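Undergrad: Handing over query_27.pdb, PDB, C-alpha atoms.
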```pdb
MODEL        1
ATOM      1  CA  MET A   1     -38.442  -6.020 -24.859  1.00  0.00           C
ATOM      2  CA  ARG A   2     -37.496  -9.579 -25.580  1.00  0.00           C
ATOM      3  CA  PHE A   3     -33.989 -10.977 -25.420  1.00  0.00           C
ATOM      4  CA  LEU A   4     -32.238 -14.278 -25.689  1.00  0.00           C
ATOM      5  CA  ALA A   5     -30.160 -15.589 -22.795  1.00  0.00           C
ATOM      6  CA  ASP A   6     -28.252 -18.818 -22.322  1.00  0.00           C
ATOM      7  CA  ILE A   7     -28.970 -20.322 -18.910  1.00  0.00           C
ATOM      8  CA  PRO A   8     -27.572 -23.659 -17.718  1.00  0.00           C
ATOM      9  CA  ASP A   9     -30.064 -26.545 -17.737  1.00  0.00           C
ATOM     10  CA  GLU A  10     -29.801 -26.984 -13.971  1.00  0.00           C
ATOM     11  CA  ASP A  11     -30.777 -23.333 -13.410  1.00  0.00           C
ATOM     12  CA  VAL A  12     -33.687 -23.610 -15.857  1.00  0.00           C
ATOM     13  CA  LYS A  13     -35.001 -26.662 -13.968  1.00  0.00           C
ATOM     14  CA  TRP A  14     -34.747 -24.763 -10.695  1.00  0.00           C
ATOM     15  CA  LEU A  15     -36.444 -21.722 -12.240  1.00  0.00           C
ATOM     16  CA  ASP A  16     -39.297 -23.855 -13.623  1.00  0.00           C
ATOM     17  CA  GLN A  17     -39.800 -25.504 -10.218  1.00  0.00           C
ATOM     18  CA  LEU A  18     -39.906 -22.087  -8.521  1.00  0.00           C
ATOM     19  CA  ALA A  19     -42.387 -20.801 -11.106  1.00  0.00           C
ATOM     20  CA  ARG A  20     -44.664 -23.830 -10.541  1.00  0.00           C
ATOM     21  CA  GLU A  21     -44.497 -23.354  -6.761  1.00  0.00           C
ATOM     22  CA  GLN A  22     -45.436 -19.685  -7.117  1.00  0.00           C
ATOM     23  CA  GLY A  23     -48.069 -20.298  -9.800  1.00  0.00           C
ATOM     24  CA  LYS A  24     -46.281 -18.012 -12.242  1.00  0.00           C
ATOM     25  CA  SER A  25     -44.640 -18.277 -15.610  1.00  0.00           C
ATOM     26  CA  ARG A  26     -40.875 -18.597 -15.967  1.00  0.00           C
ATOM     27  CA  ALA A  27     -40.835 -15.141 -17.579  1.00  0.00           C
ATOM     28  CA  ALA A  28     -42.718 -13.594 -14.644  1.00  0.00           C
ATOM     29  CA  VAL A  29     -40.242 -15.030 -12.159  1.00  0.00           C
ATOM     30  CA  LEU A  30     -37.326 -13.727 -14.232  1.00  0.00           C
ATOM     31  CA  ARG A  31     -38.888 -10.254 -14.497  1.00  0.00           C
ATOM     32  CA  GLU A  32     -39.388 -10.137 -10.722  1.00  0.00           C
ATOM     33  CA  ALA A  33     -35.835 -11.323 -10.112  1.00  0.00           C
ATOM     34  CA  VAL A  34     -34.385  -8.635 -12.366  1.00  0.00           C
ATOM     35  CA  ARG A  35     -36.589  -5.957 -10.765  1.00  0.00           C
ATOM     36  CA  ASP A  36     -35.614  -7.021  -7.222  1.00  0.00           C
ATOM     37  CA  TYR A  37     -31.933  -7.234  -8.151  1.00  0.00           C
ATOM     38  CA  ARG A  38     -32.066  -3.755  -9.680  1.00  0.00           C
ATOM     39  CA  VAL A  39     -33.713  -2.248  -6.578  1.00  0.00           C
ATOM     40  CA  GLU A  40     -31.045  -3.836  -4.369  1.00  0.00           C
ATOM     41  CA  ALA A  41     -28.165  -2.804  -6.642  1.00  0.00           C
ATOM     42  CA  GLU A  42     -29.372   0.787  -6.903  1.00  0.00           C
ATOM     43  CA  SER A  43     -29.828   1.120  -3.152  1.00  0.00           C
ATOM     44  CA  VAL A  44     -26.286  -0.144  -2.504  1.00  0.00           C
ATOM     45  CA  THR A  45     -24.645   2.118  -5.091  1.00  0.00           C
ATOM     46  CA  SER A  46     -26.578   5.160  -3.939  1.00  0.00           C
ATOM     47  CA  LYS A  47     -25.300   4.805  -0.360  1.00  0.00           C
ATOM     48  CA  LYS A  48     -21.983   6.260   0.553  1.00  0.00           C
ATOM     49  CA  TRP A  49     -19.330   3.571   1.013  1.00  0.00           C
ATOM     50  CA  LEU A  50     -18.747   4.705   4.587  1.00  0.00           C
ATOM     51  CA  ASP A  51     -22.413   4.193   5.452  1.00  0.00           C
ATOM     52  CA  ILE A  52     -22.298   0.700   4.000  1.00  0.00           C
ATOM     53  CA  GLY A  53     -19.254  -0.311   6.043  1.00  0.00           C
ATOM     54  CA  PHE A  54     -20.059   1.573   9.254  1.00  0.00           C
ATOM     55  CA  GLY A  55     -20.381  -0.854  12.130  1.00  0.00           C
ATOM     56  CA  ALA A  56     -19.398  -3.871  10.065  1.00  0.00           C
ATOM     57  CA  TRP A  57     -17.166  -5.158  12.872  1.00  0.00           C
ATOM     58  CA  LYS A  58     -19.382  -4.171  15.818  1.00  0.00           C
ATOM     59  CA  ASP A  59     -20.565  -7.706  16.553  1.00  0.00           C
ATOM     60  CA  SER A  60     -17.184  -9.390  16.065  1.00  0.00           C
ATOM     61  CA  VAL A  61     -16.135 -11.265  19.167  1.00  0.00           C
ATOM     62  CA  ASP A  62     -12.989 -12.893  17.828  1.00  0.00           C
ATOM     63  CA  ILE A  63     -10.916  -9.680  17.810  1.00  0.00           C
ATOM     64  CA  GLY A  64     -11.523  -8.498  21.379  1.00  0.00           C
ATOM     65  CA  ASP A  65     -11.537  -4.732  21.807  1.00  0.00           C
ATOM     66  CA  ALA A  66     -12.080  -3.377  18.293  1.00  0.00           C
ATOM     67  CA  VAL A  67     -10.173  -0.136  18.900  1.00  0.00           C
ATOM     68  CA  ALA A  68      -7.172  -1.971  20.378  1.00  0.00           C
ATOM     69  CA  TRP A  69      -7.247  -4.421  17.483  1.00  0.00           C
ATOM     70  CA  GLN A  70      -7.296  -1.578  14.956  1.00  0.00           C
ATOM     71  CA  ARG A  71      -4.396   0.215  16.681  1.00  0.00           C
ATOM     72  CA  ARG A  72      -2.363  -2.991  16.611  1.00  0.00           C
ATOM     73  CA  GLU A  73      -3.175  -3.597  12.936  1.00  0.00           C
ATOM     74  CA  ARG A  74      -2.029  -0.077  12.072  1.00  0.00           C
ATOM     75  CA  ALA A  75       1.084  -0.480  14.213  1.00  0.00           C
ATOM     76  CA  SER A  76       2.032  -3.633  12.337  1.00  0.00           C
ATOM     77  CA  THR A  77       2.640  -1.541   9.211  1.00  0.00           C
ATOM     78  CA  THR A  78       5.103   0.810  10.935  1.00  0.00           C
ATOM     79  CA  ARG A  79       8.480   0.875   9.187  1.00  0.00           C
ATOM     80  CA  PRO A  80      11.932   1.796  10.537  1.00  0.00           C
ATOM     81  CA  TRP A  81      11.875   5.117   8.672  1.00  0.00           C
ATOM     82  CA  ASP A  82       8.487   6.214  10.035  1.00  0.00           C
ATOM     83  CA  ASP A  83       8.514   9.179  12.411  1.00  0.00           C
ATOM     84  CA  ASP A  84       6.443   7.294  14.972  1.00  0.00           C
ATOM     85  CA  TYR A  85       8.699   4.206  15.033  1.00  0.00           C
ATOM     86  CA  GLU A  86       9.883   4.617  18.634  1.00  0.00           C
ATOM     87  CA  ASP A  87       6.429   5.439  20.013  1.00  0.00           C
ATOM     88  CA  THR A  88       4.831   2.525  18.180  1.00  0.00           C
ATOM     89  CA  LYS A  89       7.574   0.138  19.273  1.00  0.00           C
ATOM     90  CA  ALA A  90       7.097   1.245  22.888  1.00  0.00           C
ATOM     91  CA  GLU A  91       3.378   0.456  22.665  1.00  0.00           C
ATOM     92  CA  PHE A  92       3.702  -2.809  20.724  1.00  0.00           C
ATOM     93  CA  PRO A  93       7.220  -4.166  21.347  1.00  0.00           C
ATOM     94  CA  ASP A  94       6.312  -7.673  20.171  1.00  0.00           C
ATOM     95  CA  LEU A  95       5.791  -6.369  16.633  1.00  0.00           C
ATOM     96  CA  PHE A  96       9.451  -5.386  16.295  1.00  0.00           C
ATOM     97  CA  ASP A  97      12.679  -7.339  16.302  1.00  0.00           C
ATOM     98  CA  ALA A  98      16.427  -6.738  16.205  1.00  0.00           C
ATOM     99  CA  GLU A  99      16.395  -6.401  12.421  1.00  0.00           C
ATOM    100  CA  ASP A 100      13.831  -3.599  12.631  1.00  0.00           C
ATOM    101  CA  ASP A 101      16.067  -1.813  15.139  1.00  0.00           C
ATOM    102  CA  ARG A 102      19.107  -2.342  12.898  1.00  0.00           C
ATOM    103  CA  GLN A 103      17.230  -0.888   9.926  1.00  0.00           C
ATOM    104  CA  ARG A 104      16.088   2.039  12.065  1.00  0.00           C
ATOM    105  CA  GLN A 105      19.687   2.799  13.024  1.00  0.00           C
ATOM    106  CA  ILE A 106      20.794   2.633   9.387  1.00  0.00           C
ATOM    107  CA  TYR A 107      18.020   5.070   8.487  1.00  0.00           C
ATOM    108  CA  LEU A 108      18.967   7.466  11.289  1.00  0.00           C
ATOM    109  CA  ASP A 109      22.634   7.277  10.293  1.00  0.00           C
ATOM    110  CA  MET A 110      21.771   7.985   6.679  1.00  0.00           C
ATOM    111  CA  VAL A 111      19.671  10.999   7.641  1.00  0.00           C
ATOM    112  CA  ALA A 112      22.538  12.271   9.782  1.00  0.00           C
ATOM    113  CA  GLY A 113      25.024  11.644   6.967  1.00  0.00           C
ATOM    114  CA  ASN A 114      26.957   9.065   9.027  1.00  0.00           C
ATOM    115  CA  TYR A 115      26.402   6.054   6.837  1.00  0.00           C
ATOM    116  CA  PRO A 116      28.995   4.844   4.309  1.00  0.00           C
ATOM    117  CA  GLY A 117      28.274   6.441   0.969  1.00  0.00           C
ATOM    118  CA  SER A 118      25.966   9.080   2.364  1.00  0.00           C
ATOM    119  CA  GLN A 119      26.921  12.707   2.612  1.00  0.00           C
ATOM    120  CA  LYS A 120      25.687  15.253   5.044  1.00  0.00           C
ATOM    121  CA  PRO A 121      23.642  17.895   3.305  1.00  0.00           C
ATOM    122  CA  THR A 122      25.659  21.039   2.861  1.00  0.00           C
ATOM    123  CA  SER A 123      24.252  24.518   2.894  1.00  0.00           C
ATOM    124  CA  ARG A 124      24.966  26.639  -0.137  1.00  0.00           C
TER     125      ARG A 124
ENDMDL
END
```
Have the structure of the file written as C-alpha cells, please.
TA:
Amino acid sequence: MRFLADIPDEDVKWLDQLAREQGKSRAAVLREAVRDYRVEAESVTSKKWLDIGFGAWKDSVDIGDAVAWQRRERASTTRPWDDDYEDTKAEFPDLFDAEDDRQRQIYLDMVAGNYPGSQKPTSR
C-alpha cells in the first residue's frame, strides 16, 4: 500500500543520509523503521504493566533504602482523619506539624460530637 506523508525537510535529509549509508532506498528504511516500531510497541502493550515497571527503581542510589523511601512517601500522604495518623506520626514525626495535630483534634472532636455545630449521633 502506498500513502502520502508530510515529513519535515530536516528529517528527510537525515533519512536520505541513513539510506545512503545502509545502501538502501528511503522507502526500505521507512518500511524497516515501521516494522521495528510495531514489534517494539506490540511487545510493550502485550506485557502486563506490573512486569514493565517491576524493578524500575532497583538501581537507584539517590533514594537510599527503597523500602524505607516508599514507606516515607506513603506516610507523607497521611491526613488527620486517617485511622493510622498516630502510628504514622510516631514513625515519621518530621512529616507532621502543630496544624496537623490541631486538625486531628478537630476531627476527633467532630466524631465524638464535641465540636461546635456537630451533634452526637443518637440511637433511634
Undergrad: Separation of atom CA of Leu15 of chain A and atom CA of Glu42 of chain A, in Å?
TA: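 Distance between the two atoms: 24.2 Å.
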Undergrad: Just so the selection is clear, what residues does the PyMOL selection byres ((chain A and resi 72) around 12) cover here, as a list in words?
TA: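 When the PyMOL selection byres ((chain A and resi 72) around 12) is applied, the selected residues are Ile63, Gly64, Asp65, Ala66, Val67, Ala68, Trp69, Gln70, Arg71, Glu73, Arg74, Ala75, Ser76, Thr77, Thr78, Thr88, Lys89, Glu91, Phe92, Pro93, Asp94 and Leu95 of chain A.
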Undergrad: Take atom CA of Arg20 of chain A and atom CA of Phe3 of chain A and report the distance between them in Å, one decimal.
TA: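 Atom CA of Arg20 of chain A sits 22.4 Å away from atom CA of Phe3 of chain A.
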Undergrad: Rounded to one decimal place, report the atom CA of Ala19 of chain A-atom CA of Val34 of chain A distance in Å.
TA: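 Pair atom CA of Ala19 of chain A / atom CA of Val34 of chain A returns 14.6 Å.
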Undergrad: Please determine, counting all atoms listed in the file, which residue among A:Trp81, A:Arg38, A:Glu21, A:Ile52 has the shortest atom-to-atom distance to Val111 of chain A.
TA: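 For Val111 of chain A, the nearest of the given residues is A:Trp81.
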Undergrad: Any chance you could resolve the PyMOL selection byres ((chain A and resi 27) around 12) against this file and give the residues as a list in words?
TA: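 Expected selection for the PyMOL selection byres ((chain A and resi 27) around 12) here is Met1, Arg2, Phe3, Leu4, Ala5, Val12, Leu15, Asp16, Leu18, Ala19, Arg20, Gly23, Lys24, Ser25, Arg26, Ala28, Val29, Leu30, Arg31, Glu32, Ala33 and Val34 of chain A.
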Undergrad: Calculated over all atoms listed in the file, which of the candidates A:Gly113, A:Ser60, A:Val39, A:Pro80 has the smallest distance to Glu99 of chain A?
TA: A:Pro80
